[in-house]
Structures are given as C-alpha cells and as structure tokens.
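Visitor: Here you go, one structure.
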Amino acid sequence: MRVSARLTGLAVRALAESMDVHTMIQLARRLIHNYDLFERTGFPRNISIPNKDAARQIVGDMKDEELFLDFIIHLVRIRESGFRGRKYRIPYLREILIEINNSGLVYDKVQMKFFEDSSIVTTKNWGVLREQEEYIFTFLRLDIVQSSRFVRNHNPEEVEKTYSDIRRMVQEACEKRNGRIWNWEGDGVLVAFHFSGRNTNAVLSAMEILHGLYVYNLMRGGAEDAVRVRMAVDSGHCEFRHRFDEIDNDTLKKLEAVESYNTNPDSVTVSSNVYMYLDHLIVDQLARLTEYSNPPYYSYELRWER
Amino acid sequence: MDVLVFTDSGMIEELFETIRRSRSVRLSRLSCASLKKRVKEAEPGAFLYVDICGFEKKQRENVLRYLKNYGKKPYGVIDREGWVEDVGALFIEGAGDYIDPRRCARLTIERVRRAAALHPPPGSNAQGRKKEALRTGYILSGSDWQKIRPGKEYTFCLMYIDLDGKDRLKRNLSDDLISEADAGFRSYVEKSVAKSGGMLWIWNDFEGVVLFGFDGKECPAVLMGIRLMLSRTIYSVENSHFNVSLSFSIALHLGNTVYRRFGETGTIVSESINTVFNLGRKFGADGGFYLTRQVLEFSPPAVKECFIAAGRFEGFEIMRMRLPVSPARTGK
C-alpha cells in the first residue's frame with residue numbers, strides 16, 4: 001500500500017500527541033524486535049528525543065518495513081483496550097481510517113485487520129497478506145464431477161460456455177462474501193476466506209453455488225445432462241503464497257481428500273471446525289455424515305419433500 | 001420425458017423393454033381407443049408411439065391425419081404388419097419415427113429422443129411458442145422494458161411475494177425495526193428480481209408485486225421464483241438481522257394489465273392483479289410457491305418436474321413447487 005504524505009502526517013501527529021517517547025518505543029518494539037530509536041534517529045543516548053521527532057522516525061520506519069497498517073491497527077487496539085494497563089486517547093484515528101479507506105482498504109473491526117475493498121480491486125491476498133506468512137483461512141474446494149465425460153460428450157464451444165458459466169457463478173457467490181479464488185484447475189477451484197465471518201461466508205457461498213447450479217441445470221434440460229459438483233469446506237493454518245503451486249499445506253490436502261472421496265455429487269461437506277462457528281440457521285440445514293464420527297463431518301444438499 | 005404407447009397388442013412388450021427400465025423416461029401403455037382423450041391430456045414434451053395396426057384398416061388413415069393435424073405432439077408409428085406403403089411420406093408429414101417390430105427388436109432411449117426432436121410441435125421451441133402466444137391473445141411486452149409505455153395494456157408475468165409471519169414480527173418489534181425490516185426485504189426482492197429483468201411494481205407492508213416482461217417465448221420469472229425459494233436460509237442469515245428463520249411465499253400468473261409507473265398503480269382495475277394477489281393470499285399456504293399452469297408452458301421442460309398439481313383456483317389450474325426441506329424433516 002502506498003502511504004500518502006497526508007496519511008503519514010496524521011499518523012505522526014496521532015502518535016506524538018497521545019504518548020511519551022518511552023511508550024512509543026515500547027509500541028514500536030511490538031512490531032520490530034529490538035527497535036532502537038536512538039540508533040535510528042542518531043540522537044545521543046543521554047539526550048531526550050522530542051516527541052514529534054520520535055513519532056516521525058517511528059512512522060517512517062513502519063512505512064519502510066511495510067508495517068504501517070499493522071502499526072495503525074495497534075493504535076486502534078490501544079485506543080480501545082489501552083497499553084500496558086494504561087488508557088490512551090489517540091487523536092486523528094478516525095481521519096486516519098477514512099484516509100486508508102480512500103486508498104481502497106476497508107477495516108474489519110472484528111478481526112482488527114485491513115483488507116482491500118473488493119468493489120475497487122480484488123487480489124489473492126486481499127491487498128494485505130504477506131508472502132510466506134501463516135494465517136488462518138477457511139477454504140472452499142469445488143470439483144466438477146465426471147468432467148472428462150462431460151468434455152467427451154459435448155462440443156468444445158458448449159464445454160467452454162458451461163465452464164465459463166460455472167466460473168462466473170463461483171466468482172459471484174464467493175467474492176461478494178469476501179472470498180478469493182486462489183486456483184482454478186480446469187475442473188476444480190479453491191477459494192480462500194480469511195476475514196470475519198469466514199466460516200459462514202464459505203458455507204453460504206457453497207450453498208449459493210449449489211442452488212445456482214440447480215437452476216442452471218433446469219435451464220439446460222434437467223438431470224439427464226446436469227453439470228454436477230462436489231464441494232468441501234474446512235479451515236486451518238496455511239502459509240500465504242502468491243504462486244499457488246508453491247503452497248504445500250496439510251489443511252488443503254485434507255480438504256482435497258474429503259472433497260474427492262467423502263463427498264457425494266451435488267453436496268457440500270463441512271468439517272467440524274467450520275461447523276462449530278456456523279449460525280444455527282445454517283446448522284439446521286446440515287446433516288451429520290454418519291460414516292465419519294471422529295472428527296464428525298456434516299453435509300448440505302438439496303433435499304426435497306416427498 | 002413421457003412416452004405414451006397406444007397399443008392393444010402384447011406383442012410389442014420386448015420392443016420397449018429398455019425404455020421401461022430407464023429412470024429418465026416415464027413409459028405408459030394405453031389402449032388405442034383412448035388415443036384422442038389421452039393425447040389431449042398428455043404433458044407437453046410427451047412422445048407418442050401409435051400401433052397403427054391396433055385400429056381398423058379404414059380408421060388408420062384418419063388416425064394418421066389426426067396425429068398430423070390435431071395431435072400437436074411428436075409421434076412415431078408402430079407398424080406390425082407392414083401396412084404403411086410409403087414410409088418416407090410418413091416422415092415428411094410429421095412423424096418422428098417408424099418402427100416395424102419385425103425388423104427392430106428393441107428401442108433405445110437415444111432413438112426416442114432423436115425422434116422427438118425431429119418434428120417439434122408448434123409451441124415447443126421459442127419461435128413456435130411466440131406464435132402460439134400471439135394467437136392466444138397475449139399482448140407481448142417484450143423481454144426488456146424498452147417498448148413498454150405507461151397507460152397501455154400488456155401481458156406480464158406477475159409475481160406476488162409476501163413475507164411469512166409478518167404479524168408475529170409486527171407484534172414483537174418496534175416501529176423503527178419494522179420499517180427497517182420492511183425496507184430490507186423490499187430491497188432484497190428488488191435486487192434479486194432485477195437479475196432476471198423483473199421490476200418491483202407494487203409494494204406495501206412486506207408484500208408486493210413484481211412485473212416481468214413477456215415476449216411470448218420464455219418466462220424467466222419461474223426460475224427466479226425457484227431461486228428465491230432456495231435462498232431463504234441465505235436471506236435469513238445475511239439480510240434479515242433478526243437471527244430467526246424467515247420465509248416467504250410466491251405466486252406467479254401470466255395475465256394482462258395496464259402498465260403504470262411504481263406508485264401510480266392504485267387505480268388500476270385488473271383481473272390478473274386480483275388473481276395473483278388472491279392466489280398468494282388466499283390459496284397459497286405460507287412458504288409455498290404457486291403458479292397458474294400456463295406459466296409453465298413458457299419454462300424449460302425440466303422445470304415442470306419441480307411442480308406438482310395443487311388444485312384449481314378462480315378457473316385456473318394451479319401448480320405448487322416441491323419444496324426443499326431441512327434434514328431433520330427428512331429423517332436423516
């Protein structure tokens with residue numbers, strides 16, 4: 001993210017007007033280990049550094065280390081919960097958040113994180129996740145059932161159109177819920193959700209895709225020529241990489257196995273660590289898969305009145 | 001797909017053995033005497049096989065003429081005795097298949113499908129449906145809103161939508177929350193139907209009417225209605241803010257009305273508007289999706305499988321959507 005001069009100025013004033021230099025250094029050390037303000041400013045250790053100079057140096061260092069947003073998040077936390085047992089009034093924070101918002105980032109109050117405004121731009125890392133750092137994600141994996149047979153039985157134009165319709169369907173359902181498509185593999189897709197409500201958002205996206213596909217198949221002629229999918233949702237730690245082929249992660253491997261071997265066509269399998277965070281209205285729609293008891297899995301599919 | 005076989009002979013059982021076992025085809029064996037009655041009642045999209053030798057020789061020409069001119073259903077002829085002399089003429093005159101059981105042991109599903117597609121009856125494709133619609137007296141309003149002018153009468157697909165349990169909501173919520181809930185529901189309906197070209201036309205107190213233009217070929221409102229019914233849980237979680245399961249009822253009817261802009265509809269007198277309101281309010285049960293049967297004629301064939309007969313209302317045959325249910329209710 002490019003930090004404007006106005007934003008830098010606001011951050012410097014917020015810091016300088018809210019705490020003393022000693023507290024500033026403690027705060028900076030939360031983000032940069034062994035942060036030495038005297039060394040960085042060149043002030044001798046026996047002379048006290050003026051508040052404004054200290055604040056300017058710290059904000060500048062945070063920018064250089066690409067930690068500016070994390071630093072602002074720390075300021076927000078301090079305003080809400082204090083720092084080292086003391087409360088601080090941080091001025092200009094509202095203006096800072098508006099300024100960041102104007103540059104295309106949205107603040108997630110629940111997760112206390114910034115992420116890109118997907119109505120402006122959509123990137124794999126929400127504009128903020130760092131390469132090779134580990135985060136908690138909820139993943140949705142979708143696979144088109146018997147895609148080879150589908151490709152064999154239809155002409156290339158029809159295959160291309162159908163796949164492109166499915167891609168659009170997945171993209172719409174997931175991106176409006178702040179999910180990011182990490183990988184398309186021809187007949188399968190992996191979508192990541194990271195910010196607040198990520199479990200609910202992943203499951204609702206899967207449900208919407210299933211509904212959309214049901215209606216899509218009705219338009220195409222019903223069950224005989226239906227495009228069918230399997231989906232699975234699970235959550236866990238994963239290192240973020242821009243290049244998907246560089247990710248080697250157990251959660252993703254487990255997800256792939258659950259989707260491939262334990263999920264029926266036209267259904268979504270939900271892991272227990274996603275299930276426990278779901279709204280009761282969604283839980284009511286899931287059936288426990290009796291063949292898996294430890295850990296349990298749950299399934300969503302369209303079940304019809306008899 | 002429905003396949004109706006009109007025969008009085010047991011000799012052709014083997015011929016339809018593969019079809020009989022198929023899950024995707026519903027095979028019915030009927031007597032030759034019931035031909036005209038059953039053809040009228042048959043579902044659109046049904047294919048008929050007529051054992052021509054089941055009729056008296058002097059009747060056979062009449063039966064072929066009837067199938068060609070009045071049956072309006074794709075058909076094939078079974079000729080056990082080789083009675084038809086000019087098989088080619090049969091195809092030119094509209095037959096989709098000709099079977100001589102002495103030469104063909106067993107029919108395949110693929111053959112029946114191809115036979116059904118050979119001479120689609122009027123009304124089975126988009127252009128045919130449009131011609132039929134014009135003949136029936138519809139005033140086509142088009143698939144977009146370009147040609148619609150206020151003050152003129154058109155045929156629309158009218159969708160009535162109503163939030164279930166609104167009286168309970170009103171009892172339990174403050175006035176501010178009620179108007180917030182009403183505005184939220186209205187906005188959800190407005191945005192959803194806009195994706196299929198629908199326009200919110202009347203709205204009052206958690207219920208309203210949406211207009212969909214009608215071009216005589218397709219009725220996208222049916223698919224939109226199905227989509228809305230499926231998405232009720234998603235709506236309850238994401239949009240309702242009340243943390244309770246909300247549902248809504250939908251009624252759909254194809255009919256004529258004078259078009260006026262939103263907010264200027266109070267003085268319109270229209271039988272179609274009354275019908276769709278009454279269908280939703282008086283006939284339909286909470287949480288149901290009901291439509292008058294003629295709407296289904298303008299929907300993809302597979303959509304018909306989603307609806308079941310629900311009786312008659314104000315002279316219309318009513319169909320009800322088979323609803324999705326939660327696992328607890330299916331006993332899983």
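For the structure tokens, the naming scheme is as follows: chains receive sequential letters (A, B, ...) according to their order of presentation, residues are indexed from 1 within each chain, and ligands are indexed from 1 in presentation order.
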Within 10 Å of chain B, which residues of chain A show up when using only C-alpha atoms, listed as a JSON list (two decimals) with N, CA, C and O atoms, in the first residue's frame?
Guide:
[["chain", "number", "residue", "atom", "x", "y", "z"],
["A", 200, "THR", "N", -18.88, -18.82, 7.98],
["A", 200, "THR", "CA", -20.24, -18.62, 7.48],
["A", 200, "THR", "C", -20.20, -18.25, 6.00],
["A", 200, "THR", "O", -20.97, -18.79, 5.19],
["A", 201, "ASN", "N", -19.29, -17.35, 5.66],
["A", 201, "ASN", "CA", -19.23, -16.90, 4.26],
["A", 201, "ASN", "C", -18.88, -18.05, 3.31],
["A", 201, "ASN", "O", -19.44, -18.14, 2.21],
["A", 203, "VAL", "N", -19.47, -21.30, 3.75],
["A", 203, "VAL", "CA", -20.58, -22.25, 3.64],
["A", 203, "VAL", "C", -21.74, -21.63, 2.84],
["A", 203, "VAL", "O", -22.33, -22.30, 1.98],
["A", 204, "LEU", "N", -22.04, -20.36, 3.10],
["A", 204, "LEU", "CA", -23.12, -19.72, 2.35],
["A", 204, "LEU", "C", -22.77, -19.63, 0.87],
["A", 204, "LEU", "O", -23.64, -19.79, 0.00],
["A", 205, "SER", "N", -21.51, -19.38, 0.56],
["A", 205, "SER", "CA", -21.09, -19.34, -0.85],
["A", 205, "SER", "C", -21.34, -20.69, -1.50],
["A", 205, "SER", "O", -21.86, -20.77, -2.62],
["A", 207, "MET", "N", -23.45, -22.99, -0.56],
["A", 207, "MET", "CA", -24.90, -23.21, -0.71],
["A", 207, "MET", "C", -25.43, -22.46, -1.92],
["A", 207, "MET", "O", -26.21, -23.00, -2.72],
["A", 208, "GLU", "N", -24.99, -21.22, -2.08],
["A", 208, "GLU", "CA", -25.47, -20.43, -3.22],
["A", 208, "GLU", "C", -25.04, -21.03, -4.56],
["A", 208, "GLU", "O", -25.81, -21.05, -5.52],
["A", 210, "LEU", "N", -24.50, -24.19, -5.12],
["A", 210, "LEU", "CA", -25.32, -25.38, -5.32],
["A", 210, "LEU", "C", -26.72, -25.01, -5.85],
["A", 210, "LEU", "O", -27.23, -25.64, -6.77],
["A", 211, "HIS", "N", -27.30, -23.97, -5.26],
["A", 211, "HIS", "CA", -28.63, -23.52, -5.71],
["A", 211, "HIS", "C", -28.56, -23.00, -7.14],
["A", 211, "HIS", "O", -29.42, -23.30, -7.97],
["A", 212, "GLY", "N", -27.52, -22.21, -7.40],
["A", 212, "GLY", "CA", -27.37, -21.62, -8.74],
["A", 212, "GLY", "C", -27.22, -22.70, -9.79],
["A", 212, "GLY", "O", -27.81, -22.63, -10.88],
["A", 214, "TYR", "N", -28.30, -25.76, -9.55],
["A", 214, "TYR", "CA", -29.56, -26.49, -9.69],
["A", 214, "TYR", "C", -30.45, -25.78, -10.73],
["A", 214, "TYR", "O", -30.98, -26.40, -11.64],
["A", 215, "VAL", "N", -30.56, -24.46, -10.59],
["A", 215, "VAL", "CA", -31.38, -23.68, -11.52],
["A", 215, "VAL", "C", -30.75, -23.72, -12.93],
["A", 215, "VAL", "O", -31.45, -23.85, -13.94],
["A", 216, "TYR", "N", -29.43, -23.65, -12.96],
["A", 216, "TYR", "CA", -28.71, -23.69, -14.24],
["A", 216, "TYR", "C", -29.00, -25.01, -14.97],
["A", 216, "TYR", "O", -29.26, -25.03, -16.17],
["A", 217, "ASN", "N", -29.00, -26.10, -14.22],
["A", 217, "ASN", "CA", -29.27, -27.40, -14.82],
["A", 217, "ASN", "C", -30.71, -27.50, -15.31],
["A", 217, "ASN", "O", -30.98, -28.16, -16.32],
["A", 218, "LEU", "N", -31.63, -26.86, -14.60],
["A", 218, "LEU", "CA", -33.02, -26.85, -15.07],
["A", 218, "LEU", "C", -33.10, -26.18, -16.44],
["A", 218, "LEU", "O", -33.81, -26.62, -17.32],
["A", 219, "MET", "N", -32.33, -25.11, -16.59],
["A", 219, "MET", "CA", -32.34, -24.39, -17.88],
["A", 219, "MET", "C", -31.72, -25.24, -18.98],
["A", 219, "MET", "O", -32.13, -25.18, -20.12],
["A", 220, "ARG", "N", -30.71, -26.04, -18.60],
["A", 220, "ARG", "CA", -30.01, -26.84, -19.61],
["A", 220, "ARG", "C", -30.76, -28.11, -19.97],
["A", 220, "ARG", "O", -30.36, -28.81, -20.90],
["A", 221, "GLY", "N", -31.78, -28.45, -19.22],
["A", 221, "GLY", "CA", -32.53, -29.65, -19.59],
["A", 221, "GLY", "C", -32.69, -30.66, -18.48],
["A", 221, "GLY", "O", -33.14, -31.77, -18.72],
["A", 222, "GLY", "N", -32.30, -30.32, -17.27],
["A", 222, "GLY", "CA", -32.57, -31.19, -16.14],
["A", 222, "GLY", "C", -31.51, -32.24, -15.89],
["A", 222, "GLY", "O", -30.38, -32.13, -16.36],
["A", 223, "ALA", "N", -31.94, -33.28, -15.18],
["A", 223, "ALA", "CA", -30.99, -34.26, -14.62],
["A", 223, "ALA", "C", -30.17, -35.00, -15.67],
["A", 223, "ALA", "O", -29.02, -35.36, -15.43],
["A", 224, "GLU", "N", -30.76, -35.22, -16.84],
["A", 224, "GLU", "CA", -30.08, -36.07, -17.82],
["A", 224, "GLU", "C", -28.73, -35.51, -18.26],
["A", 224, "GLU", "O", -27.80, -36.25, -18.53],
["A", 279, "ASP", "N", -23.89, -20.22, 12.13],
["A", 279, "ASP", "CA", -25.17, -19.75, 12.66],
["A", 279, "ASP", "C", -26.13, -20.94, 12.76],
["A", 279, "ASP", "O", -26.10, -21.84, 11.93],
["A", 280, "HIS", "N", -27.01, -20.92, 13.77],
["A", 280, "HIS", "CA", -27.92, -22.06, 13.96],
["A", 280, "HIS", "C", -28.85, -22.25, 12.75],
["A", 280, "HIS", "O", -29.31, -23.36, 12.48],
["A", 281, "LEU", "N", -29.10, -21.17, 12.02],
["A", 281, "LEU", "CA", -29.97, -21.29, 10.85],
["A", 281, "LEU", "C", -29.31, -22.14, 9.77],
["A", 281, "LEU", "O", -29.98, -22.86, 9.02],
["A", 282, "ILE", "N", -27.98, -22.06, 9.68],
["A", 282, "ILE", "CA", -27.26, -22.89, 8.70],
["A", 282, "ILE", "C", -27.14, -24.32, 9.24],
["A", 282, "ILE", "O", -27.36, -25.29, 8.51],
["A", 283, "VAL", "N", -26.81, -24.41, 10.53],
["A", 283, "VAL", "CA", -26.64, -25.73, 11.16],
["A", 283, "VAL", "C", -27.90, -26.59, 10.95],
["A", 283, "VAL", "O", -27.81, -27.78, 10.67],
["A", 284, "ASP", "N", -29.08, -25.93, 11.02],
["A", 284, "ASP", "CA", -30.34, -26.67, 10.83],
["A", 284, "ASP", "C", -30.43, -27.30, 9.45],
["A", 284, "ASP", "O", -31.23, -28.21, 9.23],
["A", 285, "GLN", "N", -29.67, -26.80, 8.51],
["A", 285, "GLN", "CA", -29.74, -27.32, 7.14],
["A", 285, "GLN", "C", -28.71, -28.42, 6.88],
["A", 285, "GLN", "O", -28.66, -28.97, 5.79],
["A", 286, "LEU", "N", -27.86, -28.70, 7.88],
["A", 286, "LEU", "CA", -26.80, -29.68, 7.67],
["A", 286, "LEU", "C", -27.15, -31.01, 8.33],
["A", 286, "LEU", "O", -27.73, -31.03, 9.41],
["A", 287, "ALA", "N", -26.77, -32.07, 7.68],
["A", 287, "ALA", "CA", -26.97, -33.40, 8.26],
["A", 287, "ALA", "C", -25.61, -33.98, 8.62],
["A", 287, "ALA", "O", -24.65, -33.82, 7.85],
["A", 288, "ARG", "N", -25.53, -34.63, 9.75],
["A", 288, "ARG", "CA", -24.25, -35.22, 10.15],
["A", 288, "ARG", "C", -24.02, -36.47, 9.30],
["A", 288, "ARG", "O", -24.91, -37.30, 9.12],
["A", 289, "LEU", "N", -22.82, -36.58, 8.78],
["A", 289, "LEU", "CA", -22.49, -37.75, 7.97],
["A", 289, "LEU", "C", -22.15, -38.88, 8.94],
["A", 289, "LEU", "O", -21.14, -38.82, 9.65],
["A", 290, "THR", "N", -23.00, -39.87, 8.97],
["A", 290, "THR", "CA", -22.86, -40.91, 10.00],
["A", 290, "THR", "C", -21.61, -41.77, 9.83],
["A", 290, "THR", "O", -21.13, -42.36, 10.78],
["A", 299, "SER", "N", -23.08, -32.45, 6.13],
["A", 299, "SER", "CA", -23.33, -32.33, 4.69],
["A", 299, "SER", "C", -24.54, -31.45, 4.41],
["A", 299, "SER", "O", -25.54, -31.50, 5.13],
["A", 300, "TYR", "N", -24.40, -30.67, 3.35],
["A", 300, "TYR", "CA", -25.56, -29.90, 2.87],
["A", 300, "TYR", "C", -25.87, -30.35, 1.46],
["A", 300, "TYR", "O", -24.97, -30.47, 0.62],
["A", 301, "GLU", "N", -27.13, -30.62, 1.22],
["A", 301, "GLU", "CA", -27.58, -30.91, -0.14],
["A", 301, "GLU", "C", -29.04, -30.49, -0.23],
["A", 301, "GLU", "O", -29.69, -30.27, 0.79],
["A", 302, "LEU", "N", -29.54, -30.38, -1.45],
["A", 302, "LEU", "CA", -30.95, -30.03, -1.60],
["A", 302, "LEU", "C", -31.77, -31.29, -1.40],
["A", 302, "LEU", "O", -31.64, -32.25, -2.16],
["A", 303, "ARG", "N", -32.56, -31.29, -0.35],
["A", 303, "ARG", "CA", -33.43, -32.44, -0.09],
["A", 303, "ARG", "C", -34.85, -31.98, -0.34],
["A", 303, "ARG", "O", -35.25, -30.91, 0.10],
["A", 304, "TRP", "N", -35.61, -32.81, -1.03],
["A", 304, "TRP", "CA", -36.94, -32.37, -1.46],
["A", 304, "TRP", "C", -38.04, -33.08, -0.70],
["A", 304, "TRP", "O", -37.88, -34.23, -0.32],
["A", 305, "GLU", "N", -39.13, -32.38, -0.51],
["A", 305, "GLU", "CA", -40.29, -33.01, 0.12],
["A", 305, "GLU", "C", -40.74, -34.18, -0.75],
["A", 305, "GLU", "O", -40.61, -34.13, -1.97],
["A", 306, "ARG", "N", -41.26, -35.20, -0.08],
["A", 306, "ARG", "CA", -41.65, -36.38, -0.86],
["A", 306, "ARG", "C", -43.07, -36.22, -1.39],
["A", 306, "ARG", "O", -43.85, -35.50, -0.84]]
Visitor: Can you tell me, as a VMD selection string, what residues are no more than 10 Å from region 54-61 of chain A when counting only C-alpha atoms, ignoring any on the same chain fewer than 3 positions away?
Guide: chain A and resid 8 to 9 11 to 17 19 to 22 24 to 25 27 to 28 32 35 to 38 40 to 41 48 to 51 64 to 68 71 to 72
Visitor: Write out as a list in words each polymer residue whose atoms come within 8 Å of region 191-206 of chain B, counting only C-alpha atoms; drop sequence neighbours fewer than 2 positions from it.
Guide: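 Once the nearby chain positions are removed, what remains is Ser143, Asp144, Asp162, Leu163, Lys166, Asp182, Phe185, Arg186, Ser187, Tyr188, Val189, Gly208, Val209, Val210, Leu211, Phe212, Gly213, Pro220, Ala221, Met224, Leu228, Arg261, Phe262, Gly263 and Thr265 of chain B.
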Visitor: Rounded to one decimal place, report the CA of Lys68 (chain B)-CA of Glu93 (chain B) distance in Å.
Guide: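 We find that CA of Lys68 (chain B) and CA of Glu93 (chain B) lie 6.6 Å from each other.
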Visitor: Find the residues around Lys176 (chain A) up to 9 Å (only C-alpha atoms counted), leave out those fewer than 5 positions away in its own chain, and share them as a list in words.
Guide: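 Neighbouring residues, sequence-local ones excluded: Ser118, Ser119, Gln171 and Ser205 of chain A.
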Visitor: When you look at Arg2 (chain A) with a cut-off of 12 Å (counting only C-alpha atoms), what residues show up, excluding the ones that are within fewer than 4 positions of it in the same chain? I need them as a count of residues only.
Guide: 17
Visitor: DSSP on the backbone, then: every residue of region 106-280 of chain A marked helix (DSSP H, G or I), written as a ChimeraX atom specification.
Guide: /A:147-153,156-175,198-220,223-225,244-246,250-262,272-275,280
Visitor: Please dump the current selection as a PDB file, in the first residue's frame; keep C-alpha atoms.
Guide:
ATOM      1  CA  SER A 147     -15.715 -33.608 -16.068  1.00  0.00           C
ATOM      2  CA  SER A 148     -13.828 -35.797 -18.558  1.00  0.00           C
ATOM      3  CA  ARG A 149     -17.073 -37.452 -19.553  1.00  0.00           C
ATOM      4  CA  PHE A 150     -18.755 -34.066 -19.861  1.00  0.00           C
ATOM      5  CA  VAL A 151     -15.953 -32.829 -22.110  1.00  0.00           C
ATOM      6  CA  ARG A 152     -16.164 -36.002 -24.208  1.00  0.00           C
ATOM      7  CA  ASN A 153     -19.927 -35.777 -24.687  1.00  0.00           C
ATOM      8  CA  PRO A 156     -15.826 -27.630 -27.317  1.00  0.00           C
ATOM      9  CA  GLU A 157     -17.948 -24.454 -27.565  1.00  0.00           C
ATOM     10  CA  GLU A 158     -20.565 -25.870 -25.226  1.00  0.00           C
ATOM     11  CA  VAL A 159     -17.901 -27.089 -22.783  1.00  0.00           C
ATOM     12  CA  GLU A 160     -16.248 -23.664 -22.786  1.00  0.00           C
ATOM     13  CA  LYS A 161     -19.552 -21.881 -22.238  1.00  0.00           C
ATOM     14  CA  THR A 162     -20.626 -24.203 -19.430  1.00  0.00           C
ATOM     15  CA  TYR A 163     -17.285 -23.938 -17.626  1.00  0.00           C
ATOM     16  CA  SER A 164     -17.252 -20.195 -18.020  1.00  0.00           C
ATOM     17  CA  ASP A 165     -20.802 -20.013 -16.586  1.00  0.00           C
ATOM     18  CA  ILE A 166     -19.700 -22.092 -13.593  1.00  0.00           C
ATOM     19  CA  ARG A 167     -16.629 -19.903 -13.071  1.00  0.00           C
ATOM     20  CA  ARG A 168     -18.838 -16.811 -13.088  1.00  0.00           C
ATOM     21  CA  MET A 169     -21.245 -18.436 -10.647  1.00  0.00           C
ATOM     22  CA  VAL A 170     -18.427 -19.347  -8.228  1.00  0.00           C
ATOM     23  CA  GLN A 171     -16.776 -15.959  -8.541  1.00  0.00           C
ATOM     24  CA  GLU A 172     -20.016 -14.063  -7.868  1.00  0.00           C
ATOM     25  CA  ALA A 173     -21.012 -16.180  -4.880  1.00  0.00           C
ATOM     26  CA  CYS A 174     -17.566 -16.071  -3.240  1.00  0.00           C
ATOM     27  CA  GLU A 175     -16.237 -12.600  -3.984  1.00  0.00           C
ATOM     28  CA  ARG A 198     -15.087 -16.537   7.075  1.00  0.00           C
ATOM     29  CA  ASN A 199     -16.709 -19.869   8.052  1.00  0.00           C
ATOM     30  CA  THR A 200     -20.243 -18.623   7.480  1.00  0.00           C
ATOM     31  CA  ASN A 201     -19.226 -16.902   4.259  1.00  0.00           C
ATOM     32  CA  ALA A 202     -17.586 -20.031   2.861  1.00  0.00           C
ATOM     33  CA  VAL A 203     -20.581 -22.251   3.635  1.00  0.00           C
ATOM     34  CA  LEU A 204     -23.123 -19.719   2.350  1.00  0.00           C
ATOM     35  CA  SER A 205     -21.089 -19.337  -0.853  1.00  0.00           C
ATOM     36  CA  ALA A 206     -21.134 -23.113  -1.319  1.00  0.00           C
ATOM     37  CA  MET A 207     -24.895 -23.212  -0.711  1.00  0.00           C
ATOM     38  CA  GLU A 208     -25.475 -20.426  -3.216  1.00  0.00           C
ATOM     39  CA  ILE A 209     -23.343 -22.177  -5.834  1.00  0.00           C
ATOM     40  CA  LEU A 210     -25.318 -25.382  -5.325  1.00  0.00           C
ATOM     41  CA  HIS A 211     -28.626 -23.520  -5.707  1.00  0.00           C
ATOM     42  CA  GLY A 212     -27.373 -21.623  -8.742  1.00  0.00           C
ATOM     43  CA  LEU A 213     -26.232 -24.823 -10.381  1.00  0.00           C
ATOM     44  CA  TYR A 214     -29.563 -26.488  -9.689  1.00  0.00           C
ATOM     45  CA  VAL A 215     -31.384 -23.685 -11.524  1.00  0.00           C
ATOM     46  CA  TYR A 216     -28.706 -23.690 -14.241  1.00  0.00           C
ATOM     47  CA  ASN A 217     -29.274 -27.403 -14.824  1.00  0.00           C
ATOM     48  CA  LEU A 218     -33.023 -26.848 -15.066  1.00  0.00           C
ATOM     49  CA  MET A 219     -32.339 -24.385 -17.879  1.00  0.00           C
ATOM     50  CA  ARG A 220     -30.005 -26.838 -19.605  1.00  0.00           C
ATOM     51  CA  ALA A 223     -30.992 -34.259 -14.620  1.00  0.00           C
ATOM     52  CA  GLU A 224     -30.079 -36.069 -17.822  1.00  0.00           C
ATOM     53  CA  ASP A 225     -27.411 -33.597 -18.854  1.00  0.00           C
ATOM     54  CA  PHE A 244      -0.447 -21.500  -5.644  1.00  0.00           C
ATOM     55  CA  ASP A 245       1.863 -24.320  -6.755  1.00  0.00           C
ATOM     56  CA  GLU A 246       4.311 -23.323  -4.027  1.00  0.00           C
ATOM     57  CA  ASP A 250      -1.961 -30.220   5.264  1.00  0.00           C
ATOM     58  CA  THR A 251      -5.331 -28.459   5.549  1.00  0.00           C
ATOM     59  CA  LEU A 252      -5.533 -28.258   1.769  1.00  0.00           C
ATOM     60  CA  LYS A 253      -4.514 -31.898   1.359  1.00  0.00           C
ATOM     61  CA  LYS A 254      -7.149 -32.985   3.866  1.00  0.00           C
ATOM     62  CA  LEU A 255      -9.747 -30.800   2.149  1.00  0.00           C
ATOM     63  CA  GLU A 256      -8.961 -32.343  -1.214  1.00  0.00           C
ATOM     64  CA  ALA A 257      -9.290 -35.846   0.233  1.00  0.00           C
ATOM     65  CA  VAL A 258     -12.623 -35.037   1.909  1.00  0.00           C
ATOM     66  CA  GLU A 259     -13.976 -33.487  -1.267  1.00  0.00           C
ATOM     67  CA  SER A 260     -12.749 -36.260  -3.558  1.00  0.00           C
ATOM     68  CA  TYR A 261     -13.542 -39.350  -1.517  1.00  0.00           C
ATOM     69  CA  ASN A 262     -16.133 -38.429   1.081  1.00  0.00           C
ATOM     70  CA  SER A 272     -16.462 -29.871  12.390  1.00  0.00           C
ATOM     71  CA  ASN A 273     -14.107 -26.932  12.968  1.00  0.00           C
ATOM     72  CA  VAL A 274     -16.130 -24.890  10.484  1.00  0.00           C
ATOM     73  CA  TYR A 275     -19.462 -26.264  11.702  1.00  0.00           C
ATOM     74  CA  HIS A 280     -27.920 -22.063  13.956  1.00  0.00           C
TER      75      HIS A 280
END
Visitor: When you count only C-alpha atoms, which of these residues is closest to His154 (chain A): A:Val121, A:Met112, A:Ala232, A:Val227?
Guide: A:Val227
